[in-house]
>>> print(open('my_file14.cif').read())   # mmCIF, C-alpha atoms and all ligand atoms
data_input
loop_
_atom_site.label_atom_id
_atom_site.label_comp_id
_atom_site.auth_asym_id
_atom_site.auth_seq_id
_atom_site.Cartn_x
_atom_site.Cartn_y
_atom_site.Cartn_z
CA MET B 1 -14.74 -14.20 -13.22
CA ASP B 2 -14.44 -10.42 -13.07
CA TYR B 3 -14.56 -9.23 -9.46
CA ILE B 4 -14.22 -6.09 -7.36
CA ASP B 5 -12.19 -6.04 -4.13
CA PRO B 6 -14.09 -3.48 -2.03
CA HIS B 7 -11.45 -3.19 0.71
CA ILE B 8 -7.72 -3.40 0.05
CA HIS B 9 -4.78 -1.19 1.07
CA MET B 10 -2.64 -1.05 -2.04
CA VAL B 11 -0.32 1.67 -0.67
CA SER B 12 1.29 -1.14 1.34
CA ARG B 13 1.51 -3.60 -1.57
CA ILE B 14 4.08 -3.93 -4.35
CA THR B 15 3.31 -3.35 -8.02
CA ASP B 16 3.56 -7.10 -8.72
CA ASP B 17 0.40 -7.48 -6.60
CA TYR B 18 -1.52 -5.32 -9.08
CA GLU B 19 -0.43 -7.71 -11.81
CA ARG B 20 -1.53 -10.75 -9.76
CA LEU B 21 -4.88 -9.12 -9.03
CA ALA B 22 -5.45 -8.28 -12.69
CA ARG B 23 -4.61 -11.86 -13.77
CA ALA B 24 -7.01 -13.21 -11.14
CA GLY B 25 -9.92 -11.18 -12.59
CA CYS B 26 -9.87 -8.06 -10.43
CA VAL B 27 -11.34 -5.13 -12.40
CA ALA B 28 -11.78 -2.57 -9.62
CA ILE B 29 -10.73 -1.98 -6.04
CA SER B 30 -11.70 0.41 -3.30
CA GLU B 31 -9.04 1.51 -0.85
CA PRO B 32 -10.13 2.93 2.50
CA ALA B 33 -7.86 5.35 4.33
CA PHE B 34 -6.33 3.57 7.30
CA TRP B 35 -3.41 3.32 9.68
CA ALA B 36 -0.04 3.21 7.92
CA GLY B 37 1.64 0.81 10.36
CA PHE B 38 2.89 3.81 12.37
CA ASP B 39 1.29 6.95 13.83
CA ARG B 40 1.66 9.99 11.61
CA GLY B 41 3.00 13.13 13.24
CA SER B 42 0.95 15.84 11.54
CA ALA B 43 -2.11 16.64 9.47
CA GLU B 44 0.21 17.38 6.55
CA ALA B 45 1.23 13.71 6.53
CA PHE B 46 -2.45 12.84 5.97
CA ARG B 47 -2.68 15.39 3.18
CA ASP B 48 0.18 13.59 1.42
CA TYR B 49 -1.45 10.21 2.10
CA PHE B 50 -4.76 11.36 0.60
CA ARG B 51 -2.92 12.60 -2.50
CA GLN B 52 -1.16 9.24 -2.72
CA LEU B 53 -4.54 7.45 -2.66
CA ILE B 54 -6.26 9.81 -5.09
CA ASP B 55 -3.48 10.31 -7.65
CA PHE B 56 -0.65 7.81 -7.38
CA GLU B 57 -2.53 4.59 -6.56
CA ARG B 58 -5.24 5.35 -9.12
CA ARG B 59 -2.55 5.70 -11.79
CA ARG B 60 -0.58 2.66 -10.63
CA ALA B 61 -3.74 0.49 -10.67
CA GLY B 62 -4.71 1.86 -14.07
CA GLN B 63 -1.51 0.51 -15.58
CA TYR B 64 -2.90 -2.99 -14.92
CA GLY B 65 -6.43 -2.24 -16.11
CA ILE B 66 -7.74 -2.02 -12.54
CA GLN B 67 -10.06 0.89 -11.68
CA HIS B 68 -9.04 2.37 -8.32
CA TYR B 69 -11.36 4.13 -5.86
CA CYS B 70 -10.67 5.38 -2.35
CA TRP B 71 -12.17 6.60 0.91
CA LEU B 72 -10.87 9.36 3.18
CA CYS B 73 -10.83 9.71 6.97
CA ILE B 74 -8.66 9.50 10.05
CA ASN B 75 -8.70 5.92 11.32
CA ALA B 76 -9.66 4.86 14.84
CA LYS B 77 -6.10 4.13 15.99
CA GLU B 78 -4.87 7.63 15.26
CA ALA B 79 -8.17 9.16 16.46
CA GLU B 80 -6.80 8.81 19.99
CA ASN B 81 -5.01 12.08 19.22
CA VAL B 82 -8.19 14.17 19.14
CA GLU B 83 -6.47 17.43 18.24
CA LEU B 84 -4.72 15.88 15.23
CA ALA B 85 -7.92 14.05 14.25
CA ARG B 86 -9.90 17.30 14.16
CA GLU B 87 -7.25 18.95 11.99
CA VAL B 88 -7.48 16.03 9.53
CA ILE B 89 -11.30 16.09 9.54
CA SER B 90 -11.34 19.80 8.72
CA MET B 91 -9.04 19.15 5.74
CA ILE B 92 -11.05 16.28 4.19
CA PRO B 93 -13.67 18.43 2.38
CA GLU B 94 -10.84 19.77 0.16
CA PHE B 95 -10.65 16.31 -1.40
CA LEU B 96 -14.31 15.30 -1.56
CA ASN B 97 -14.78 16.32 -5.17
CA GLU B 98 -11.73 14.47 -6.46
CA PRO B 99 -12.37 11.70 -8.99
CA GLY B 100 -12.68 8.23 -7.47
CA VAL B 101 -13.32 9.33 -3.88
CA LEU B 102 -16.27 7.21 -2.70
CA GLY B 103 -16.87 8.70 0.74
CA ILE B 104 -15.73 8.70 4.39
CA GLY B 105 -13.92 5.57 5.63
CA GLU B 106 -12.77 3.42 7.11
CA ILE B 107 -13.96 5.11 10.27
CA GLY B 108 -14.86 3.06 13.33
CA LEU B 109 -13.57 1.80 16.62
CA ASN B 110 -10.39 -0.06 17.52
CA LYS B 111 -10.33 -0.36 21.32
CA ASN B 112 -13.81 1.11 21.87
CA THR B 113 -12.48 4.17 23.74
CA MET B 114 -14.15 7.53 24.42
CA ASN B 115 -11.81 9.39 22.07
CA GLU B 116 -12.47 6.90 19.28
CA SER B 117 -16.23 7.35 19.75
CA THR B 118 -15.92 11.14 19.75
CA ILE B 119 -13.99 11.18 16.49
CA PHE B 120 -16.22 8.51 14.95
CA LEU B 121 -19.28 10.71 15.60
CA GLU B 122 -17.53 13.78 14.19
CA GLN B 123 -16.75 11.88 10.99
CA VAL B 124 -20.32 10.57 10.75
CA ASP B 125 -21.38 14.21 11.00
CA LEU B 126 -18.92 15.13 8.24
CA ALA B 127 -20.39 12.42 6.00
CA ALA B 128 -23.94 13.53 6.76
CA ARG B 129 -23.20 17.20 6.04
CA HIS B 130 -21.63 16.32 2.69
CA ASP B 131 -24.05 13.50 1.85
CA GLU B 132 -21.22 10.96 1.59
CA LEU B 133 -21.23 7.18 1.78
CA ILE B 134 -19.61 5.66 4.90
CA LEU B 135 -17.31 2.65 5.25
CA VAL B 136 -16.94 1.34 8.81
CA HIS B 137 -14.06 -0.62 10.37
CA THR B 138 -15.20 -2.83 13.26
CA PRO B 139 -12.72 -3.86 15.98
CA HIS B 140 -10.85 -7.13 16.17
CA LEU B 141 -11.46 -10.30 18.16
CA GLU B 142 -12.70 -9.76 21.72
CA ASP B 143 -13.63 -6.10 21.10
CA LYS B 144 -15.66 -6.84 17.97
CA TYR B 145 -19.17 -7.55 19.27
CA LYS B 146 -19.23 -4.68 21.74
CA GLY B 147 -17.62 -2.29 19.24
CA THR B 148 -20.02 -3.23 16.44
CA ARG B 149 -22.96 -2.72 18.83
CA MET B 150 -21.60 0.71 19.83
CA ILE B 151 -21.06 1.70 16.18
CA ILE B 152 -24.56 0.67 15.14
CA ASP B 153 -26.10 2.53 18.09
CA MET B 154 -24.17 5.69 17.15
CA LEU B 155 -25.19 5.42 13.48
CA LYS B 156 -28.82 4.77 14.40
CA GLY B 157 -28.71 7.76 16.73
CA ASP B 158 -28.18 10.14 13.79
CA SER B 159 -31.42 10.48 11.84
CA ARG B 160 -29.54 11.86 8.81
CA ILE B 161 -27.76 8.52 8.24
CA ARG B 162 -29.46 6.02 5.94
CA PRO B 163 -28.24 2.47 6.68
CA ASP B 164 -28.27 1.53 2.99
CA ARG B 165 -25.53 4.16 2.48
CA VAL B 166 -23.24 2.58 5.10
CA LEU B 167 -20.99 -0.49 4.76
CA ILE B 168 -20.08 -2.21 8.05
CA ASP B 169 -16.85 -4.09 7.42
CA HIS B 170 -15.00 -7.04 8.98
CA VAL B 171 -18.23 -8.74 10.08
CA GLU B 172 -18.01 -12.30 11.37
CA GLU B 173 -20.52 -14.96 12.43
CA HIS B 174 -21.46 -13.10 15.63
CA THR B 175 -21.83 -9.61 14.09
CA VAL B 176 -23.24 -10.17 10.58
CA GLU B 177 -26.85 -10.14 11.79
CA LEU B 178 -26.34 -6.89 13.72
CA ALA B 179 -25.38 -5.19 10.45
CA LEU B 180 -27.90 -6.83 8.12
CA ASP B 181 -30.93 -6.71 10.44
CA ASN B 182 -30.39 -2.97 10.93
CA GLY B 183 -30.42 -2.37 7.17
CA PHE B 184 -26.68 -1.82 6.63
CA TRP B 185 -24.48 -3.33 3.93
CA CYS B 186 -21.69 -5.53 5.24
CA GLY B 187 -18.26 -6.81 4.26
CA MET B 188 -16.47 -10.00 5.29
CA THR B 189 -12.69 -9.81 5.38
CA LEU B 190 -10.76 -12.90 4.27
CA TYR B 191 -7.58 -12.98 6.33
CA PRO B 192 -5.08 -15.84 6.64
CA VAL B 193 -5.04 -15.67 10.47
CA THR B 194 -7.84 -13.62 12.04
CA LYS B 195 -11.25 -12.52 10.71
CA CYS B 196 -12.93 -14.79 8.11
CA THR B 197 -11.64 -17.52 5.81
CA PRO B 198 -13.13 -18.41 2.39
CA ALA B 199 -14.85 -21.41 4.05
CA ARG B 200 -16.29 -19.44 6.98
CA SER B 201 -17.54 -16.65 4.73
CA SER B 202 -19.17 -19.23 2.43
CA ASP B 203 -20.92 -20.70 5.49
CA ILE B 204 -22.14 -17.20 6.40
CA ILE B 205 -23.50 -16.68 2.87
CA GLU B 206 -25.28 -20.04 3.01
CA LYS B 207 -26.92 -19.03 6.28
CA HIS B 208 -27.68 -15.35 5.63
CA GLY B 209 -28.05 -15.11 1.84
CA THR B 210 -26.51 -12.74 -0.70
CA GLU B 211 -28.33 -9.45 -0.05
CA ARG B 212 -26.20 -6.43 0.98
CA ILE B 213 -23.09 -8.53 1.57
CA MET B 214 -19.64 -8.63 -0.04
CA VAL B 215 -16.17 -10.07 0.58
CA ASN B 216 -12.75 -8.41 0.57
CA SER B 217 -9.09 -9.22 1.15
CA ALA B 218 -8.23 -6.12 3.21
CA GLY B 219 -4.71 -6.74 1.87
CA ASP B 220 -2.40 -4.46 3.83
CA TRP B 221 1.04 -4.21 5.45
CA GLY B 222 0.38 -7.15 7.82
CA PRO B 223 -0.14 -10.85 7.11
CA SER B 224 -2.86 -10.77 4.45
CA ASP B 225 -3.60 -12.19 1.02
CA PRO B 226 -4.48 -9.72 -1.74
CA THR B 227 -5.90 -12.55 -3.87
CA ALA B 228 -8.25 -13.83 -1.16
CA VAL B 229 -11.41 -12.97 -3.13
CA PRO B 230 -10.60 -15.44 -5.98
CA LYS B 231 -10.10 -18.08 -3.26
CA PHE B 232 -13.62 -17.34 -2.00
CA ILE B 233 -14.91 -17.67 -5.59
CA HIS B 234 -13.20 -21.05 -5.84
CA GLU B 235 -14.62 -22.22 -2.50
CA MET B 236 -18.16 -21.24 -3.55
CA ARG B 237 -17.76 -23.07 -6.88
CA MET B 238 -16.53 -26.21 -5.12
CA ARG B 239 -19.68 -26.09 -3.00
CA GLY B 240 -21.81 -26.05 -6.17
CA HIS B 241 -23.06 -22.45 -6.04
CA ASP B 242 -23.97 -21.09 -9.47
CA GLU B 243 -21.96 -18.37 -11.17
CA SER B 244 -24.67 -15.73 -10.85
CA THR B 245 -24.84 -16.19 -7.05
CA ILE B 246 -21.07 -15.82 -6.72
CA ARG B 247 -20.99 -12.89 -9.11
CA LYS B 248 -23.61 -11.07 -7.07
CA ILE B 249 -21.35 -11.16 -3.99
CA VAL B 250 -18.02 -10.32 -5.63
CA TYR B 251 -19.15 -7.94 -8.40
CA ASP B 252 -22.80 -6.83 -8.45
CA ASN B 253 -23.10 -5.98 -4.76
CA PRO B 254 -20.05 -3.70 -4.51
CA ARG B 255 -21.11 -2.02 -7.75
CA THR B 256 -24.61 -1.38 -6.45
CA PHE B 257 -23.35 0.01 -3.14
CA PHE B 258 -20.66 2.24 -4.70
CA ALA B 259 -22.99 3.48 -7.46
CA GLN B 260 -24.78 5.52 -4.79
CA THR B 261 -22.06 8.15 -5.29
CA ASN B 262 -21.63 9.70 -8.72
CA ARG B 263 -17.85 9.63 -8.28
CA PHE B 264 -17.99 5.85 -8.90
CA ASP B 265 -17.40 6.16 -12.65
CA PHE B 266 -16.89 2.41 -13.15
CA THR B 267 -16.76 1.04 -16.70
CA PRO B 268 -17.47 -2.71 -17.00
CA ARG B 269 -15.15 -4.75 -19.19
CA SER B 270 -16.72 -5.11 -22.63
ZN ZN B 301 -8.79 -1.74 6.14
#
>>> encode(input="my_file14.cif", output="structure tokens", more="lines below")
Ligand SMILES: [Zn+2]
Amino acid sequence: MDYIDPHIHMVSRITDDYERLARAGCVAISEPAFWAGFDRGSAEAFRDYFRQLIDFERRRAGQYGIQHYCWLCINAKEAENVELAREVISMIPEFLNEPGVLGIGEIGLNKNTMNESTIFLEQVDLAARHDELILVHTPHLEDKYKGTRMIIDMLKGDSRIRPDRVLIDHVEEHTVELALDNGFWCGMTLYPVTKCTPARSSDIIEKHGTERIMVNSAGDWGPSDPTAVPKFIHEMRMRGHDESTIRKIVYDNPRTFFAQTNRFDFTPRS
């Protein structure tokens, strides 16, 4: 089955992973800007990172027939350095007309601190001023419920933000309703250790349905599985779900959400 991985960090993966993804049916990916495993020392380092996402990864993916899209921002971890964060934010508009840039993300909270909230709001403002889609990272484990609540309150507090133009990512059993009931799109991350598994995310689908929801691997530099989405497809098949239901989650939904920006120039496989 053709599928789209709406959240994967290919800068931290080897080229062989592109080949594995392509063989598993991946036709497009979207790569949010995130932490690189270390704190960058200057805004110029982010400029290089954005160029890597926009030019190099798009080309590398293209060699395997995978269409590559990306998101730009400063992530919550590095937002603790407010001065650096503001320098990066002021640079982002330079890149907003580049092909394949889908919007601002993944912005969000990590430890739910004041500085993180300040920079989150400034990036929401950036998205609103430029009419960009938003992709949101929600915190891990014990910080997740509170952080997701804070994020949704901040988004709801800005009347310019339409929930159907925002994707709240890394939802789990206790946060999925917060996102869906407030009109947002949401993503479930399939991780080998934390976050969701194919079985848990299938349970969530069976309980909450297939509207405004998608699954991703969030494959990155840590323990993660870039081919997690095909494992979800397999799990859903084993449970007897029909192909069109599965396809809606792994292909139609990301397409519908991304198509809200005209820089999503996706061509389906003929
Ligand atoms: Zn991520």
>>> residues_near_ligand(input="my_file14.cif", ligand="ligand ZN 301 (chain B)", cutoff="10 Å", atoms="only C-alpha atoms and all ligand atoms", output="ChimeraX atom specification")
/B:6-9,31-35,75,105-107,135-138,169-170,189,216-220
>>> closest_residue(input="my_file14.cif", among="B:Ser117, B:Thr245, B:Gln52, B:Ser224", to="Thr210 of chain B", atoms="only C-alpha atoms")
B:Thr245
>>> atom_distance(input="my_file14.cif", atom1="atom CA of Phe50 of chain B", atom2="atom CA of Ala85 of chain B")
14.3 Å
>>> closest_residue(input="my_file14.cif", among="B:Thr261, B:Tyr251, B:Val166, B:Arg200", to="Met236 of chain B", atoms="all atoms listed in the file")
B:Arg200
>>> closest_residue(input="my_file14.cif", among="B:Val27, B:Ile119, B:Ala61, B:Val250", to="Lys77 of chain B", atoms="all atoms listed in the file")
B:Ile119
>>> residues_around(input="my_file14.cif", residues="Arg149 of chain B", least_positions_apart="2", cutoff="12 Å", atoms="all atoms listed in the file", output="number ranges by chain")
B: 108-109, 112, 138-139, 143-147, 151-156, 168, 171, 174-179, 182
>>> closest_residue(input="my_file14.cif", among="B:Asp55, B:Asp2, B:Glu44, B:Glu83", to="Glu243 of chain B", atoms="all atoms listed in the file")
B:Asp2
>>> axis_aligned_box(input="my_file14.cif", around="segment 111-129 of chain B", padding_each_side="4 Å", output="lines of an AutoDock Vina configuration file")
center_x = -17.1
center_y = 8.4
center_z = 15.2
size_x = 21.6
size_y = 25.6
size_z = 26.4
>>> closest_residue(input="my_file14.cif", among="B:Ile29, B:Ile74, B:Leu84, B:Ala45", to="Arg58 of chain B", atoms="only C-alpha atoms")
B:Ile29
>>> residues_around(input="my_file14.cif", residues="Val88 of chain B", least_positions_apart="6", cutoff="10 Å", atoms="all atoms listed in the file", output="PyMOL selection string")
chain B and resi 42-47+72-74+79+82
>>> closest_atom_pairs(input="my_file14.cif", of="segment 41-136 of chain B", to="segment 10-24 of chain B", cutoff="12 Å", atoms="only C-alpha atoms", output="tab-separated table")
residue	atom	partner	partner_atom	distance
B:Tyr49	CA	B:Val11	CA	9.0
B:Phe50	CA	B:Val11	CA	10.7
B:Arg51	CA	B:Val11	CA	11.4
B:Gln52	CA	B:Val11	CA	7.9
B:Leu53	CA	B:Val11	CA	7.4
B:Ile54	CA	B:Val11	CA	11.0
B:Asp55	CA	B:Val11	CA	11.5
B:Phe56	CA	B:Val11	CA	9.1
B:Glu57	CA	B:Val11	CA	6.9
B:Arg58	CA	B:Met10	CA	9.9
B:Arg59	CA	B:Tyr18	CA	11.4
B:Arg60	CA	B:Thr15	CA	7.6
B:Ala61	CA	B:Tyr18	CA	6.4
B:Gly62	CA	B:Tyr18	CA	9.3
B:Gln63	CA	B:Tyr18	CA	8.7
B:Tyr64	CA	B:Glu19	CA	6.2
B:Gly65	CA	B:Ala22	CA	7.0
B:Ile66	CA	B:Ala22	CA	6.7
B:Gln67	CA	B:Ala22	CA	10.3
B:His68	CA	B:Met10	CA	9.6
B:Tyr69	CA	B:Met10	CA	10.8
B:Cys70	CA	B:Met10	CA	10.3
>>> closest_residue(input="my_file14.cif", among="B:Phe95, B:Phe38, B:Phe266, B:Phe258", to="Glu78 of chain B", atoms="only C-alpha atoms")
B:Phe38
>>> atom_distance(input="my_file14.cif", atom1="atom CA of Leu167 of chain B", atom2="atom CA of Tyr191 of chain B")
18.4 Å
>>> residues_around(input="my_file14.cif", residues="Glu235 of chain B", least_positions_apart="2", cutoff="8 Å", atoms="only C-alpha atoms", output="list of chain:residue names")
B:Pro198, B:Ala199, B:Ser202, B:Lys231, B:Phe232, B:Ile233, B:Arg237, B:Met238, B:Arg239
>>> residues_around(input="my_file14.cif", residues="Phe264 of chain B", least_positions_apart="4", cutoff="12 Å", atoms="all atoms listed in the file", output="JSON, numbers by chain")
{"B": [28, 29, 30, 67, 68, 69, 70, 71, 97, 98, 99, 100, 101, 102, 103, 133, 254, 255, 256, 257, 258, 259, 260, 268]}
>>> atom_distance(input="my_file14.cif", atom1="atom CA of His140 of chain B", atom2="atom CA of Ile104 of chain B")
20.3 Å
>>> decode(input="my_file14.cif", residues="segment 55-76 of chain B", atoms="N, CA and C atoms", output="PDB file, in the first residue's frame")
ATOM      1  N   ASP B  55      16.965  21.507   0.397  1.00  0.00           N
ATOM      2  CA  ASP B  55      17.672  21.115  -0.832  1.00  0.00           C
ATOM      3  C   ASP B  55      18.147  19.665  -0.792  1.00  0.00           C
ATOM      4  N   PHE B  56      19.022  19.382   0.178  1.00  0.00           N
ATOM      5  CA  PHE B  56      19.733  18.103   0.157  1.00  0.00           C
ATOM      6  C   PHE B  56      18.800  16.923   0.402  1.00  0.00           C
ATOM      7  N   GLU B  57      17.970  16.998   1.460  1.00  0.00           N
ATOM      8  CA  GLU B  57      17.103  15.847   1.756  1.00  0.00           C
ATOM      9  C   GLU B  57      16.059  15.636   0.663  1.00  0.00           C
ATOM     10  N   ARG B  58      15.569  16.736   0.091  1.00  0.00           N
ATOM     11  CA  ARG B  58      14.580  16.613  -0.984  1.00  0.00           C
ATOM     12  C   ARG B  58      15.185  15.851  -2.173  1.00  0.00           C
ATOM     13  N   ARG B  59      16.444  16.178  -2.466  1.00  0.00           N
ATOM     14  CA  ARG B  59      17.133  15.507  -3.576  1.00  0.00           C
ATOM     15  C   ARG B  59      17.426  14.048  -3.244  1.00  0.00           C
ATOM     16  N   ARG B  60      17.900  13.815  -2.009  1.00  0.00           N
ATOM     17  CA  ARG B  60      18.267  12.460  -1.602  1.00  0.00           C
ATOM     18  C   ARG B  60      17.028  11.555  -1.637  1.00  0.00           C
ATOM     19  N   ALA B  61      15.898  12.080  -1.137  1.00  0.00           N
ATOM     20  CA  ALA B  61      14.648  11.303  -1.148  1.00  0.00           C
ATOM     21  C   ALA B  61      14.205  11.031  -2.581  1.00  0.00           C
ATOM     22  N   GLY B  62      14.355  12.059  -3.427  1.00  0.00           N
ATOM     23  CA  GLY B  62      13.912  11.943  -4.819  1.00  0.00           C
ATOM     24  C   GLY B  62      14.601  10.813  -5.569  1.00  0.00           C
ATOM     25  N   GLN B  63      15.834  10.508  -5.159  1.00  0.00           N
ATOM     26  CA  GLN B  63      16.564   9.420  -5.826  1.00  0.00           C
ATOM     27  C   GLN B  63      15.901   8.067  -5.598  1.00  0.00           C
ATOM     28  N   TYR B  64      15.031   7.991  -4.580  1.00  0.00           N
ATOM     29  CA  TYR B  64      14.316   6.736  -4.303  1.00  0.00           C
ATOM     30  C   TYR B  64      12.825   6.862  -4.611  1.00  0.00           C
ATOM     31  N   GLY B  65      12.462   7.899  -5.357  1.00  0.00           N
ATOM     32  CA  GLY B  65      11.060   8.073  -5.743  1.00  0.00           C
ATOM     33  C   GLY B  65      10.177   8.534  -4.598  1.00  0.00           C
ATOM     34  N   ILE B  66      10.802   9.085  -3.543  1.00  0.00           N
ATOM     35  CA  ILE B  66      10.029   9.572  -2.396  1.00  0.00           C
ATOM     36  C   ILE B  66       9.977  11.097  -2.451  1.00  0.00           C
ATOM     37  N   GLN B  67       8.773  11.659  -2.367  1.00  0.00           N
ATOM     38  CA  GLN B  67       8.618  13.115  -2.394  1.00  0.00           C
ATOM     39  C   GLN B  67       8.827  13.655  -0.971  1.00  0.00           C
ATOM     40  N   HIS B  68       9.728  14.601  -0.851  1.00  0.00           N
ATOM     41  CA  HIS B  68      10.159  15.090   0.473  1.00  0.00           C
ATOM     42  C   HIS B  68       9.626  16.501   0.731  1.00  0.00           C
ATOM     43  N   TYR B  69       9.004  16.685   1.894  1.00  0.00           N
ATOM     44  CA  TYR B  69       8.514  17.996   2.325  1.00  0.00           C
ATOM     45  C   TYR B  69       9.096  18.294   3.693  1.00  0.00           C
ATOM     46  N   CYS B  70       9.118  19.572   4.081  1.00  0.00           N
ATOM     47  CA  CYS B  70       9.684  19.886   5.395  1.00  0.00           C
ATOM     48  C   CYS B  70       8.966  21.048   6.059  1.00  0.00           C
ATOM     49  N   TRP B  71       9.270  21.219   7.323  1.00  0.00           N
ATOM     50  CA  TRP B  71       8.715  22.280   8.171  1.00  0.00           C
ATOM     51  C   TRP B  71       9.892  23.015   8.807  1.00  0.00           C
ATOM     52  N   LEU B  72       9.728  24.296   9.088  1.00  0.00           N
ATOM     53  CA  LEU B  72      10.818  25.081   9.656  1.00  0.00           C
ATOM     54  C   LEU B  72      10.422  25.698  10.989  1.00  0.00           C
ATOM     55  N   CYS B  73      11.370  25.752  11.916  1.00  0.00           N
ATOM     56  CA  CYS B  73      11.134  26.391  13.223  1.00  0.00           C
ATOM     57  C   CYS B  73      12.403  26.267  14.061  1.00  0.00           C
ATOM     58  N   ILE B  74      12.350  26.818  15.273  1.00  0.00           N
ATOM     59  CA  ILE B  74      13.308  26.417  16.301  1.00  0.00           C
ATOM     60  C   ILE B  74      12.518  25.563  17.285  1.00  0.00           C
ATOM     61  N   ASN B  75      13.077  24.388  17.621  1.00  0.00           N
ATOM     62  CA  ASN B  75      12.373  23.438  18.475  1.00  0.00           C
ATOM     63  C   ASN B  75      12.376  23.892  19.930  1.00  0.00           C
ATOM     64  N   ALA B  76      11.515  23.233  20.730  1.00  0.00           N
ATOM     65  CA  ALA B  76      11.327  23.644  22.124  1.00  0.00           C
ATOM     66  C   ALA B  76      12.603  23.518  22.952  1.00  0.00           C
TER      67      ALA B  76
END
